[in-house]
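To be precise, the following lines are run-v5.tsv, and they hold TSV, C-alpha atoms and all ligand atoms.
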```tsv
chain	number	residue	atom	x	y	z
A	984	MET	CA	28.31	2.23	29.48
A	985	LYS	CA	26.60	-0.08	27.02
A	986	ALA	CA	22.85	-0.78	27.06
A	987	ILE	CA	20.34	-2.61	24.84
A	988	ALA	CA	17.58	-0.22	23.78
A	989	ILE	CA	14.53	-0.41	21.55
A	990	ILE	CA	12.36	2.22	19.93
A	991	PRO	CA	8.92	1.09	21.18
A	992	GLY	CA	6.45	0.24	18.46
A	993	THR	CA	9.23	-0.53	15.95
A	994	LYS	CA	11.51	-3.52	15.40
A	995	GLN	CA	14.64	-1.47	16.11
A	996	VAL	CA	16.92	-2.84	18.81
A	997	ASN	CA	20.42	-1.45	19.29
A	998	LEU	CA	23.44	-1.48	21.53
A	999	VAL	CA	23.60	2.15	22.73
A	1000	GLU	CA	25.82	4.25	25.02
A	1001	ARG	CA	24.33	5.57	28.25
A	1002	PRO	CA	25.94	7.52	31.11
A	1003	GLU	CA	26.85	5.31	34.10
A	1004	PRO	CA	24.40	6.06	36.98
A	1005	LYS	CA	25.79	7.71	40.13
A	1006	ILE	CA	24.47	7.41	43.70
A	1007	SER	CA	22.74	10.69	44.52
A	1008	ALA	CA	20.53	9.81	47.51
A	1009	PRO	CA	21.30	8.04	50.81
A	1010	ASP	CA	18.89	5.14	50.15
A	1011	GLU	CA	20.26	4.17	46.75
A	1012	ILE	CA	22.08	0.99	45.72
A	1013	LYS	CA	24.20	0.64	42.60
A	1014	LEU	CA	24.57	-2.81	41.05
A	1015	ARG	CA	26.89	-4.19	38.43
A	1016	VAL	CA	24.58	-6.21	36.20
A	1017	LEU	CA	25.68	-9.84	35.87
A	1018	ARG	CA	22.85	-11.53	34.01
A	1019	VAL	CA	19.47	-10.57	32.61
A	1020	GLY	CA	16.90	-13.19	31.60
A	1021	ILE	CA	14.90	-13.02	28.39
A	1022	CYS	CA	11.18	-13.77	28.40
A	1023	GLY	CA	8.17	-13.50	26.10
A	1024	THR	CA	7.68	-9.88	27.13
A	1025	ASP	CA	11.19	-8.92	25.91
A	1026	ARG	CA	10.61	-10.71	22.62
A	1027	GLU	CA	7.26	-8.97	22.22
A	1028	GLU	CA	8.95	-5.62	22.87
A	1029	VAL	CA	11.69	-6.12	20.26
A	1030	ALA	CA	9.06	-7.27	17.76
A	1031	GLY	CA	7.30	-3.90	18.05
A	1032	GLY	CA	4.67	-4.95	20.66
A	1033	ARG	CA	3.76	-3.78	24.17
A	1034	ALA	CA	6.45	-1.36	25.49
A	1035	ASP	CA	6.59	2.33	26.47
A	1036	ALA	CA	9.61	4.64	26.61
A	1037	PRO	CA	10.09	6.90	29.64
A	1038	PRO	CA	8.35	10.29	29.28
A	1039	GLY	CA	10.29	12.56	26.92
A	1040	GLN	CA	12.50	9.70	25.65
A	1041	LYS	CA	12.34	7.95	22.29
A	1042	GLU	CA	14.21	4.83	23.42
A	1043	LEU	CA	13.56	2.28	26.14
A	1044	VAL	CA	16.37	0.22	27.68
A	1045	ILE	CA	14.81	-3.24	27.93
A	1046	GLY	CA	15.30	-6.07	30.47
A	1047	HIS	CA	13.48	-6.78	33.73
A	1048	GLU	CA	14.72	-10.20	34.96
A	1049	MET	CA	17.94	-8.99	36.51
A	1050	PHE	CA	20.65	-10.29	38.78
A	1051	GLY	CA	23.66	-8.28	39.88
A	1052	GLN	CA	26.35	-7.52	42.42
A	1053	VAL	CA	26.40	-4.45	44.64
A	1054	VAL	CA	29.19	-1.98	43.79
A	1055	GLU	CA	28.21	0.95	46.01
A	1056	VAL	CA	25.51	1.92	48.49
A	1057	GLY	CA	24.18	5.25	49.81
A	1058	SER	CA	24.95	6.31	53.41
A	1059	ALA	CA	21.56	5.17	54.81
A	1060	VAL	CA	21.51	1.69	53.23
A	1061	ARG	CA	21.55	-1.10	55.83
A	1062	SER	CA	20.53	-4.26	53.96
A	1063	ALA	CA	23.36	-4.43	51.42
A	1064	ARG	CA	27.09	-3.87	51.13
A	1065	ALA	CA	29.50	-3.77	48.22
A	1066	GLY	CA	30.08	-7.34	46.99
A	1067	ASP	CA	26.62	-8.64	47.95
A	1068	PHE	CA	24.39	-10.26	45.34
A	1069	GLY	CA	20.78	-9.52	44.59
A	1070	CYS	CA	18.22	-8.12	42.21
A	1071	PHE	CA	15.89	-5.17	41.81
A	1072	THR	CA	12.15	-5.79	41.47
A	1073	VAL	CA	10.30	-4.69	38.31
A	1074	ARG	CA	7.26	-2.59	39.10
A	1075	ARG	CA	7.15	0.88	40.67
A	1076	GLY	CA	3.88	2.00	42.27
A	1077	CYS	CA	1.69	4.93	41.27
A	1078	GLY	CA	2.08	6.45	44.73
A	1079	HIS	CA	-1.62	7.12	45.22
A	1080	CYS	CA	-3.82	3.97	45.04
A	1081	SER	CA	-4.43	1.96	48.20
A	1082	PHE	CA	-2.52	-1.08	46.87
A	1083	CYS	CA	0.61	0.89	45.96
A	1084	LEU	CA	0.44	2.70	49.30
A	1085	ALA	CA	0.46	-0.76	50.95
A	1086	ASP	CA	3.57	-1.75	48.90
A	1087	ARG	CA	1.53	-3.93	46.54
A	1088	SER	CA	2.22	-2.19	43.25
A	1089	ASP	CA	1.71	-5.60	41.60
A	1090	LEU	CA	-2.00	-4.98	42.33
A	1091	CYS	CA	-1.95	-1.27	41.35
A	1092	SER	CA	-5.55	-0.19	40.84
A	1093	SER	CA	-4.99	3.19	39.18
A	1094	GLY	CA	-3.08	1.79	36.22
A	1095	ASP	CA	-0.46	4.52	36.69
A	1096	TYR	CA	2.33	2.11	37.67
A	1097	THR	CA	5.59	1.88	35.74
A	1098	GLU	CA	7.78	-1.17	35.08
A	1099	ARG	CA	11.51	-1.20	34.56
A	1100	GLY	CA	12.34	-2.32	31.05
A	1101	ILE	CA	8.68	-2.53	30.01
A	1102	ARG	CA	6.60	0.52	30.82
A	1103	ARG	CA	7.91	4.10	31.04
A	1104	ARG	CA	11.13	3.23	32.91
A	1105	ASP	CA	14.48	2.06	31.58
A	1106	GLY	CA	15.34	-1.54	32.36
A	1107	TYR	CA	18.32	-3.64	33.26
A	1108	GLU	CA	19.99	-4.67	29.97
A	1109	THR	CA	23.00	-2.50	30.72
A	1110	GLU	CA	26.26	-2.56	32.68
A	1111	PHE	CA	25.23	-0.72	35.87
A	1112	VAL	CA	21.83	0.03	37.41
A	1113	LEU	CA	20.70	2.06	40.37
A	1114	ASP	CA	17.55	2.07	42.48
A	1115	GLN	CA	16.24	2.52	46.01
A	1116	GLU	CA	17.05	0.01	48.74
A	1117	LYS	CA	13.35	-0.88	49.12
A	1118	TYR	CA	13.43	-2.44	45.64
A	1119	PHE	CA	16.55	-4.52	46.29
A	1120	VAL	CA	16.16	-8.21	47.16
A	1121	PRO	CA	19.31	-9.98	48.43
A	1122	VAL	CA	20.35	-13.34	46.99
A	1123	PRO	CA	22.74	-15.54	49.03
A	1124	PRO	CA	26.14	-16.23	47.37
A	1125	GLU	CA	25.46	-19.98	47.04
A	1126	LEU	CA	22.50	-19.13	44.78
A	1127	VAL	CA	24.56	-17.08	42.30
A	1128	PRO	CA	24.01	-19.58	39.43
A	1129	LEU	CA	20.22	-19.31	39.89
A	1130	GLY	CA	19.95	-15.61	40.86
A	1131	VAL	CA	18.68	-14.60	37.41
A	1132	LEU	CA	15.61	-16.82	38.00
A	1133	ALA	CA	14.47	-14.69	40.96
A	1134	GLU	CA	12.09	-12.56	38.87
A	1135	PRO	CA	10.34	-15.31	36.88
A	1136	MET	CA	10.15	-17.33	40.12
A	1137	SER	CA	8.49	-14.34	41.82
A	1138	VAL	CA	5.79	-14.37	39.11
A	1139	SER	CA	5.13	-18.09	39.72
A	1140	GLN	CA	5.13	-17.54	43.48
A	1141	LYS	CA	2.55	-14.78	43.35
A	1142	ALA	CA	0.22	-16.85	41.17
A	1143	ILE	CA	0.47	-19.82	43.55
A	1144	ASP	CA	0.12	-17.58	46.60
A	1145	GLU	CA	-3.12	-16.10	45.20
A	1146	ALA	CA	-4.57	-19.53	44.39
A	1147	LEU	CA	-3.66	-21.08	47.74
A	1148	ARG	CA	-4.99	-18.12	49.69
A	1149	VAL	CA	-8.38	-18.43	48.00
A	1150	GLN	CA	-8.58	-22.10	48.98
A	1151	GLU	CA	-7.35	-21.49	52.52
A	1152	ALA	CA	-9.77	-18.62	53.00
A	1153	ARG	CA	-12.66	-20.83	51.84
A	1154	LEU	CA	-11.72	-23.48	54.38
A	1155	GLY	CA	-10.60	-21.07	57.08
A	1156	ILE	CA	-7.27	-22.86	57.38
A	1157	GLY	CA	-3.59	-22.05	57.05
A	1158	ASP	CA	-1.46	-19.30	58.48
A	1159	SER	CA	-2.55	-16.98	55.63
A	1160	GLY	CA	0.66	-16.95	53.74
A	1161	SER	CA	2.55	-20.18	53.63
A	1162	GLY	CA	0.00	-21.92	51.42
A	1163	ASN	CA	1.35	-25.25	52.61
A	1164	ALA	CA	-1.74	-26.13	54.57
A	1165	TRP	CA	-4.01	-26.60	51.56
A	1166	ALA	CA	-1.52	-27.65	48.88
A	1167	ARG	CA	-0.24	-30.85	50.48
A	1168	GLY	CA	-1.52	-33.94	48.66
A	1169	LYS	CA	-3.56	-31.92	46.15
A	1170	VAL	CA	-3.31	-32.55	42.40
A	1171	ALA	CA	-1.94	-29.53	40.55
A	1172	LEU	CA	-1.83	-29.31	36.76
A	1173	VAL	CA	0.86	-27.02	35.36
A	1174	ALA	CA	0.16	-26.13	31.73
A	1175	GLY	CA	3.10	-24.91	29.67
A	1176	LEU	CA	6.54	-26.09	30.82
A	1177	GLY	CA	8.53	-22.97	30.05
A	1178	PRO	CA	10.42	-21.21	32.87
A	1179	ILE	CA	7.28	-19.90	34.63
A	1180	GLY	CA	5.62	-23.32	34.44
A	1181	LEU	CA	8.66	-25.30	35.59
A	1182	LEU	CA	9.37	-22.84	38.41
A	1183	GLY	CA	5.69	-23.13	39.37
A	1184	ALA	CA	6.05	-26.93	39.31
A	1185	ILE	CA	9.03	-26.65	41.67
A	1186	ALA	CA	7.14	-24.38	44.08
A	1187	LEU	CA	4.06	-26.65	44.05
A	1188	ALA	CA	6.13	-29.82	44.53
A	1189	LEU	CA	7.95	-28.20	47.47
A	1190	ARG	CA	4.52	-27.51	49.01
A	1191	GLY	CA	3.61	-31.19	48.78
A	1192	ALA	CA	1.31	-31.11	45.75
A	1193	LYS	CA	1.20	-33.93	43.19
A	1194	VAL	CA	2.25	-32.14	40.03
A	1195	LEU	CA	1.13	-32.95	36.47
A	1196	GLY	CA	2.83	-30.99	33.71
A	1197	LEU	CA	1.21	-30.45	30.31
A	1198	ASP	CA	3.10	-29.41	27.18
A	1199	VAL	CA	3.30	-30.37	23.52
A	1200	VAL	CA	6.89	-31.63	23.29
A	1201	ASP	CA	8.36	-35.14	23.13
A	1202	LYS	CA	8.57	-36.81	26.50
A	1203	GLU	CA	12.31	-37.45	26.06
A	1204	SER	CA	13.04	-33.72	25.68
A	1205	LEU	CA	14.47	-31.52	28.42
A	1206	ARG	CA	11.28	-29.92	29.79
A	1207	PRO	CA	9.47	-33.20	30.63
A	1208	LYS	CA	12.77	-34.65	31.82
A	1209	LEU	CA	13.29	-31.83	34.33
A	1210	LEU	CA	9.63	-31.97	35.38
A	1211	GLY	CA	10.19	-35.66	36.17
A	1212	GLN	CA	13.25	-34.85	38.26
A	1213	PHE	CA	11.13	-32.39	40.27
A	1214	GLY	CA	8.70	-35.24	40.95
A	1215	GLY	CA	6.10	-34.27	38.32
A	1216	THR	CA	4.27	-36.47	35.77
A	1217	TYR	CA	4.30	-35.40	32.13
A	1218	VAL	CA	1.14	-35.24	30.03
A	1219	ASP	CA	1.60	-34.76	26.27
A	1220	GLY	CA	-1.12	-32.31	25.20
A	1221	ARG	CA	-0.94	-33.65	21.63
A	1222	GLU	CA	-2.19	-37.02	22.87
A	1223	THR	CA	-4.40	-36.07	25.80
A	1224	GLN	CA	-7.00	-33.29	25.65
A	1225	PRO	CA	-7.65	-31.36	28.90
A	1226	SER	CA	-11.21	-32.74	28.98
A	1227	ALA	CA	-9.79	-36.31	29.03
A	1228	LEU	CA	-7.52	-35.63	32.03
A	1229	ALA	CA	-10.39	-36.32	34.40
A	1230	ASN	CA	-10.26	-39.96	33.22
A	1231	TYR	CA	-6.69	-40.33	34.48
A	1232	PHE	CA	-6.72	-38.18	37.58
A	1233	GLU	CA	-9.84	-38.18	39.69
A	1234	GLN	CA	-9.77	-34.57	40.71
A	1235	ILE	CA	-7.55	-31.73	39.56
A	1236	ASP	CA	-7.59	-29.26	42.42
A	1237	LEU	CA	-5.47	-26.51	40.95
A	1238	ILE	CA	-4.45	-25.43	37.47
A	1239	PHE	CA	-1.44	-23.19	37.01
A	1240	GLU	CA	-1.47	-21.83	33.46
A	1241	ALA	CA	1.69	-20.61	31.75
A	1242	THR	CA	0.99	-21.20	28.06
A	1243	GLY	CA	-0.07	-17.73	26.93
A	1244	VAL	CA	-2.33	-19.31	24.28
A	1245	ALA	CA	-5.91	-18.06	24.72
A	1246	ARG	CA	-7.57	-21.15	23.21
A	1247	VAL	CA	-5.56	-23.47	25.48
A	1248	GLU	CA	-6.32	-21.24	28.48
A	1249	PHE	CA	-10.06	-21.76	27.95
A	1250	ASN	CA	-9.78	-25.45	27.06
A	1251	LEU	CA	-7.94	-26.13	30.30
A	1252	LEU	CA	-11.06	-25.28	32.28
A	1253	ALA	CA	-12.46	-28.65	31.22
A	1254	ALA	CA	-9.84	-30.33	33.41
A	1255	LEU	CA	-10.63	-28.44	36.62
A	1256	GLY	CA	-12.32	-30.41	39.40
A	1257	LEU	CA	-14.95	-29.49	41.97
A	1258	ASN	CA	-14.05	-26.42	44.06
A	1259	GLY	CA	-10.92	-26.11	41.94
A	1260	VAL	CA	-8.86	-23.00	41.56
A	1261	TYR	CA	-7.40	-21.92	38.23
A	1262	VAL	CA	-4.67	-19.29	38.09
A	1263	LEU	CA	-3.47	-17.79	34.82
A	1264	THR	CA	-0.09	-16.19	34.16
A	1265	GLY	CA	0.23	-16.37	30.35
A	1266	ILE	CA	-0.29	-13.12	28.44
A	1267	PRO	CA	-1.63	-14.03	24.98
A	1268	GLY	CA	-0.59	-11.84	22.08
A	1269	GLY	CA	-2.65	-11.09	18.99
A	1270	ASP	CA	-6.36	-10.38	18.63
A	1271	ARG	CA	-7.74	-13.41	16.82
A	1272	PRO	CA	-11.35	-14.00	17.93
A	1273	LEU	CA	-12.18	-17.25	19.65
A	1274	GLN	CA	-15.45	-19.19	19.58
A	1275	LEU	CA	-16.52	-20.59	22.95
A	1276	ASP	CA	-19.46	-22.42	24.45
A	1277	GLY	CA	-19.97	-19.60	26.93
A	1278	ALA	CA	-23.04	-20.99	28.69
A	1279	ALA	CA	-21.34	-24.35	29.35
A	1280	LEU	CA	-18.25	-22.62	30.74
A	1281	MET	CA	-20.21	-20.32	33.05
A	1282	ARG	CA	-22.40	-23.22	34.17
A	1283	GLN	CA	-19.32	-25.23	35.03
A	1284	LEU	CA	-17.71	-22.40	37.04
A	1285	VAL	CA	-20.88	-21.88	39.08
A	1286	LEU	CA	-22.02	-25.48	39.57
A	1287	ARG	CA	-18.50	-26.60	40.52
A	1288	ASN	CA	-17.64	-23.65	42.81
A	1289	GLN	CA	-14.58	-22.85	40.74
A	1290	ALA	CA	-12.34	-19.81	41.05
A	1291	MET	CA	-10.44	-18.35	38.12
A	1292	ILE	CA	-7.70	-15.81	38.87
A	1293	GLY	CA	-5.42	-13.76	36.66
A	1294	SER	CA	-2.01	-12.98	38.12
A	1295	VAL	CA	0.68	-10.58	36.93
A	1296	ASN	CA	3.94	-9.28	38.37
A	1297	ALA	CA	4.84	-9.91	42.04
A	1298	ALA	CA	5.39	-8.24	45.40
A	1299	ARG	CA	8.65	-8.17	47.27
A	1300	LYS	CA	7.53	-11.06	49.50
A	1301	HIS	CA	7.15	-13.24	46.38
A	1302	PHE	CA	10.75	-12.55	45.39
A	1303	GLU	CA	11.83	-13.52	48.90
A	1304	ALA	CA	9.70	-16.68	48.94
A	1305	GLY	CA	10.99	-17.55	45.46
A	1306	ILE	CA	14.62	-17.17	46.48
A	1307	ALA	CA	13.97	-19.39	49.53
A	1308	ASP	CA	12.34	-22.01	47.27
A	1309	LEU	CA	15.23	-21.88	44.80
A	1310	ALA	CA	17.62	-22.56	47.69
A	1311	GLN	CA	15.51	-25.52	48.81
A	1312	ALA	CA	15.21	-26.81	45.25
A	1313	GLN	CA	18.96	-26.56	44.77
A	1314	LYS	CA	19.48	-28.71	47.89
A	1315	LYS	CA	16.84	-31.23	46.86
A	1316	TRP	CA	17.39	-31.57	43.11
A	1317	GLY	CA	20.90	-30.17	42.61
A	1318	ASP	CA	21.97	-29.78	39.02
A	1319	ALA	CA	18.48	-30.33	37.57
A	1320	VAL	CA	17.59	-26.81	38.73
A	1321	ASN	CA	20.68	-25.29	37.06
A	1322	GLN	CA	19.57	-26.93	33.81
A	1323	LEU	CA	16.63	-24.52	33.61
A	1324	ILE	CA	19.14	-21.98	32.25
A	1325	THR	CA	19.78	-23.41	28.80
A	1326	HIS	CA	21.39	-20.50	26.95
A	1327	VAL	CA	23.89	-17.86	28.15
A	1328	VAL	CA	25.07	-15.30	25.58
A	1329	PRO	CA	27.37	-12.29	25.92
A	1330	TYR	CA	25.55	-8.94	25.62
A	1331	ALA	CA	27.04	-8.20	22.20
A	1332	SER	CA	25.22	-11.29	20.82
A	1333	PHE	CA	21.84	-10.16	22.13
A	1334	ALA	CA	20.16	-10.73	18.75
A	1335	ASP	CA	20.80	-14.50	19.10
A	1336	VAL	CA	18.35	-14.77	21.97
A	1337	LEU	CA	16.10	-11.71	21.51
A	1338	GLU	CA	15.22	-12.25	17.88
A	1339	GLN	CA	15.32	-16.05	17.88
A	1340	HIS	CA	13.80	-18.70	20.08
A	1341	PRO	CA	15.87	-21.91	20.02
A	1342	GLU	CA	13.70	-25.04	20.06
A	1343	ASN	CA	15.30	-26.56	23.16
A	1344	GLU	CA	15.36	-23.32	25.16
A	1345	ILE	CA	13.97	-23.04	28.67
A	1346	LYS	CA	15.61	-19.85	29.97
A	1347	ALA	CA	17.99	-17.81	27.84
A	1348	VAL	CA	20.02	-15.11	29.59
A	1349	ILE	CA	22.27	-12.27	28.51
A	1350	GLU	CA	25.54	-12.08	30.42
A	1351	TRP	CA	26.98	-8.61	31.17
A	1352	ASP	CA	29.71	-9.60	33.59
A	1353	LYS	CA	30.94	-12.38	35.86
A	1354	PRO	CA	30.75	-12.18	39.67
A	1355	HIS	CA	33.74	-10.29	41.13
B	1	LIG	C1	7.00	-9.48	33.85
B	1	LIG	C2	6.17	-8.83	34.91
B	1	LIG	C3	5.35	-7.72	34.31
B	1	LIG	C4	4.54	-8.24	33.14
B	1	LIG	C5	3.65	-7.21	32.50
B	1	LIG	C6	6.15	-9.90	32.68
B	1	LIG	O1	6.95	-10.39	31.66
B	1	LIG	O2	7.66	-10.62	34.37
B	1	LIG	O3	6.98	-8.35	35.95
B	1	LIG	O4	4.50	-7.16	35.28
B	1	LIG	O5	5.41	-8.80	32.18
B	1	LIG	O6	4.33	-6.15	31.91
```
Take the structure in this file and express it as structure tokens.
Amino acid sequence: MKAIAIIPGTKQVNLVERPEPKISAPDEIKLRVLRVGICGTDREEVAGGRADAPPGQKELVIGHEMFGQVVEVGSAVRSARAGDFGCFTVRRGCGHCSFCLADRSDLCSSGDYTERGIRRRDGYETEFVLDQEKYFVPVPPELVPLGVLAEPMSVSQKAIDEALRVQEARLGIGDSGSGNAWARGKVALVAGLGPIGLLGAIALALRGAKVLGLDVVDKESLRPKLLGQFGGTYVDGRETQPSALANYFEQIDLIFEATGVARVEFNLLAALGLNGVYVLTGIPGGDRPLQLDGAALMRQLVLRNQAMIGSVNAARKHFEAGIADLAQAQKKWGDAVNQLITHVVPYASFADVLEQHPENEIKAVIEWDKPH
């Protein structure tokens, strides 16, 4: 079968031949890959950045945002049958830290975790993939057009879950999990209206927050337009500095960052209100030093009781919550949600989306097959 592989640390990316995987244990599920989304991590990998091949291998098959259809299951599998749709999660635990032992490899504390398509495990840019049932998350057939958004949505869901839990724990409210109790009526600023930001905006709007979305594109372009359809208000970062946002909106209760630009990530703090919570998902590249007024920043965090949280990857429950939100969003906003997927290319044209970044892109995906 065909697969897209890189040699980590170089700019080499090739279509290679790999043996088709075969079920060899009772708890395994084999999927035909339908679509795989491309994100900043994939582009960093093909540009020679952060990526590790599996031990003893020179190449790494890339791809971690996958959606597929079950072709075969092992004899002990109960949650899936041939023909079902779903995806595999990304991270695999170290098997020895307390977080991984509690099925929270997204919080792995030993650092020995692996990630499919990113770190020491082959990914999903290929025709067939196989993994254990515990890593399979079902997607209902009516969500097939959005199934490839399950992984980026899981990343947004975890970040929001972390932020809302902090606020609910402070107030001693909520049913520790839904996040709805605190979010309703709060002002949430989403910075960076790429896929993670827009999916975060959807999740926050569904929880009753008033969403502001910050980016540096024209207000007539697709990202602000979709934000508006999801009930959000666009703020053009070229015209309004984060520090000036307080003049327009009395209190920003939550900031969801998805820009991946270190300078912006720090500047955003100026917009955060009293007792606010700030969750970051962007992973800045490069190592350019940054000059900051450290004392003022620390003073602000302390005197305003602010919480700043970094969030990466996601647990199974975040995939499930994300799929439920996508279903709700599809009912509420219909085609606007489908428009998040702006580019679909056949696998042979992978270079068009891996080595380029079209101006009007939100989510680009590689198509391996159509649903059967
Ligand atoms: C992926 C995460 C992963 C992270 C760090 C992101 O692009 O969506 O699943 O944990 O990269 O490697």
Q. Of the candidates A:Arg1104, A:Arg1033, A:Arg1018, A:Lys1300, which one gets nearest to ligand LIG 1 (chain B) if we count all atoms listed in the file?
A. A:Arg1033
Q.
Could you list, as a PyMOL selection string, all protein and nucleic acid residues with an atom at most 6 Å from ligand LIG 1 (chain B), counting all atoms listed in the file?
A. chain A and resi 1024+1073+1101+1135+1295-1296
**Q.** Expected answer as number ranges by chain: all residues with atoms within 10 Å of (5.4, -24.9, 32.9), all atoms listed in the file
**A.** A: 1139, 1172-1185, 1195-1198, 1206-1207, 1210, 1239-1242, 1345
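Among the candidate residues A:Asp1144, A:Glu1350, A:Glu1110, A:Glu1055, the one lying nearest to Met984 (chain A) is A:Glu1110, with distances computed using all atoms listed in the file.
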Q) Closest to Asp1105 (chain A) among A:Gly1076, A:Gly1155, A:Pro991, A:Pro1009, using only C-alpha atoms? A) A:Pro991
Q.
Could you check the closest approach to Val1170 (chain A) for each of A:Gly1066, A:Pro1038, A:Gly1256, A:Gly1032 and tell me which residue wins, using all atoms listed in the file?
A. A:Gly1256
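Close contacts of Lys1202 (chain A), defined as residues with an atom at most 8 Å away when counting all atoms listed in the file, with chain neighbours fewer than 3 positions off set aside, comprise Pro1207, Lys1208, Tyr1217 and Asp1219 of chain A.
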Can those selected residues be exported to a file as an mmCIF file, in the frame of the given file so that it contains C-alpha atoms?
```cif
data_model
loop_
_atom_site.group_PDB
_atom_site.id
_atom_site.type_symbol
_atom_site.label_atom_id
_atom_site.label_comp_id
_atom_site.auth_asym_id
_atom_site.auth_seq_id
_atom_site.Cartn_x
_atom_site.Cartn_y
_atom_site.Cartn_z
ATOM 1 C CA PRO A 1207 9.470 -33.200 30.630
ATOM 2 C CA LYS A 1208 12.770 -34.650 31.820
ATOM 3 C CA TYR A 1217 4.300 -35.400 32.130
ATOM 4 C CA ASP A 1219 1.600 -34.760 26.270
#
```
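Taking CA of Tyr1330 (chain A) as the reference point, CA of Leu1309 (chain A) is found at 25.3 Å.
Closest approach to Tyr1261 (chain A) among A:Ala1298, A:Leu1286, A:Ala1059, A:Ile1143 is made by A:Ile1143 (distances from only C-alpha atoms).
Closest approach to Pro1037 (chain A) among A:Arg1075, A:Lys1141, A:Arg1099, A:His1326: A:Arg1099, based on all atoms listed in the file.
For Ala1334 (chain A), the residues within 10 Å (counting all atoms listed in the file, excluding itself and residues fewer than 3 positions away along the chain) are Val996, Asn997, Val1029, Val1328, Tyr1330, Ala1331, Leu1337, Glu1338 and Gln1339 of chain A.
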Q) What is the distance between CA of Ala1065 (chain A) and CA of Gly1305 (chain A), in Å to one decimal? A) 23.2 Å
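Relative to CA of Ile990 (chain A), CA of His1079 (chain A) is found at 29.3 Å.
Within the 10 Å cut-off around Lys1346 (chain A), using all atoms listed in the file and omitting residues fewer than 3 positions from it on the same chain, the listed residues are Gly1020, Ile1021, Cys1022, Val1131, Leu1132, Pro1135, Gly1177, Pro1178, Ile1179, Gln1322, Leu1323, Ile1324, Thr1325, His1326, Val1327, Val1336 and Asn1343 of chain A.
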Q: Find the residues around Glu1125 (chain A) up to 10 Å (only C-alpha atoms counted), leave out those fewer than 5 positions away in its own chain, and share them as a PyMOL selection string.
A: chain A and resi 1068+1130+1310+1313
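Look at region 1224-1231 of chain A: the protein and nucleic acid residues within 6 Å of it, using all atoms listed in the file and passing over chain neighbours fewer than 3 places away, are Gly1220, Leu1251, Ala1253 and Ala1254 of chain A.
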The centre and edge lengths of an axis-aligned box containing all atoms of region 1265-1276 of chain A present in the file, extended by 4 Å on each side, are to be given in Å to one decimal, as JSON.
```
{"center_x": -9.6, "center_y": -16.4, "center_z": 23.6, "size_x": 27.7, "size_y": 20.0, "size_z": 21.5}
```
